[in-house]
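Below: one structure, written as structure tokens.
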Amino acid sequence: MGGHRAWLDLCCQDPAGLTLSDLEHIYQRKKAADKELRDLLQATGTTLTTLYGIGPVIAGRILAETGDVARFPSKDHFASYNGTAPIDVSSGDQVRHRLSRAGNRRNCHALHLMAVTQIRNPGTPGRMYYERKRSEGKTPKEALRCLKRRLSDLVYCQLIADQRGTIDTCGSPTTPRRTRPASTSPANRSRRAASPSRQARRPAPKGSLHSTGKTTASSASRSSTRPVIFTMTFSRLPKSSNNPAAY
């Protein structure tokens with residue numbers, strides 16, 4: 001970045017005092033600064049330059065101003081940081097948003113240049129989005145602000161993807177699929193399938209006759225369970241010291 005600073009200082013001089021050798025020297029310094037900047041971007045492993053409208057200078061500006069993208073929990077926080085998130089000034093039924101003057105202005109300027117580059121070239125996604133907003137009745141400035149907000153989300157997703165090292169075709173981070181709950185796991189399904197659907201019928205007592213019908217079988221089962229209930233109830237009675245048979 002120091003080479004670009006020196007190149008800008010030379011460009012700010014009076015053009016009348018520059019000779020041909022000075023212009024040649026400025027050109028060589030510019031080439032050296034561009035090569036240094038590309039080497040630094042390649043060392044970071046960023047893919048911001050794959051987005052339409054972002055060159056080495058804009059990519060270096062965004063990386064320098066953003067720092068660690070993990071400090072922004074969501075794309076909305078990133079938009080609020082760079083000043084592309086509008087301020088809601090709605091009143092009653094009238095919905096209006098105002099341009100935010102807060103945030104990092106250098107990062108906002110980089111996104112502005114990206115948006116203007118896409119608007120100037122027909123067929124780009126930014127130009128189609130800008131024309132759709134214009135057809136909805138928005139002014140050119142309002143449509144430009146909407147495009148800058150959309151590009152801010154795209155840049156944020158690209159920064160997150162670069163940090164994770166997983167980049168898909170649309171430039172957004174890939175997210176793992178959710179695992180199924182434990183109730184629908186194959187082990188539980190097999191356990192559910194192995195369990196009987198109905199309880200096994202209680203076998204009829206030995207003394208009952210099958211030819212007597214349903215009434216006889218039910219009465220026999222009730223009579224067979226009565227001594228059991230009586231025995232259990234009798235066994236729960238407290239022992240008395242006056243009854244010698246209890247000892």
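Chain labels run A, B, ... following the order of the structure tokens; each chain numbers its residues from 1, and ligands are numbered from 1 in the order shown.
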Shell of 8 Å around Arg101 (chain A), only C-alpha atoms, local chain residues under 2 positions omitted, as number ranges by chain: A: 83, 99, 103
Write a file of the selected residues as a compact mmCIF listing (two decimals), in the first residue's frame, keeping N, CA and C atoms.
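Wrote it out as part-v5.txt, contents follow:
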# COMPACT_ATOMS: atom_id res chain seq x y z
N GLY A 83 -22.31 1.40 6.62
CA GLY A 83 -23.16 2.53 6.33
C GLY A 83 -24.14 2.33 5.18
N LEU A 99 -30.96 7.88 4.17
CA LEU A 99 -29.57 7.45 4.02
C LEU A 99 -28.83 7.59 5.35
N GLY A 103 -21.23 4.86 10.07
CA GLY A 103 -20.51 3.73 9.51
C GLY A 103 -19.17 4.12 8.92
Those in region 6-131 of chain A with strand (DSSP E or B) from DSSP, as a VMD selection string: chain A and resid 87 to 88 91 94 97 to 98
For CA of Asn104 (chain A) and CA of Leu151 (chain A), the interatomic separation in Å (one decimal):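 Value for the CA of Asn104 (chain A)-CA of Leu151 (chain A) distance: 15.4 Å.
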Atom-to-atom span, CA of Ala85 (chain A) and CA of Ser152 (chain A), Å: 9.0 Å
Using only C-alpha atoms: which of A:Leu113, A:Ile58, A:Leu18, A:Ala143 has the shortest distance to Arg38 (chain A): A:Ile58
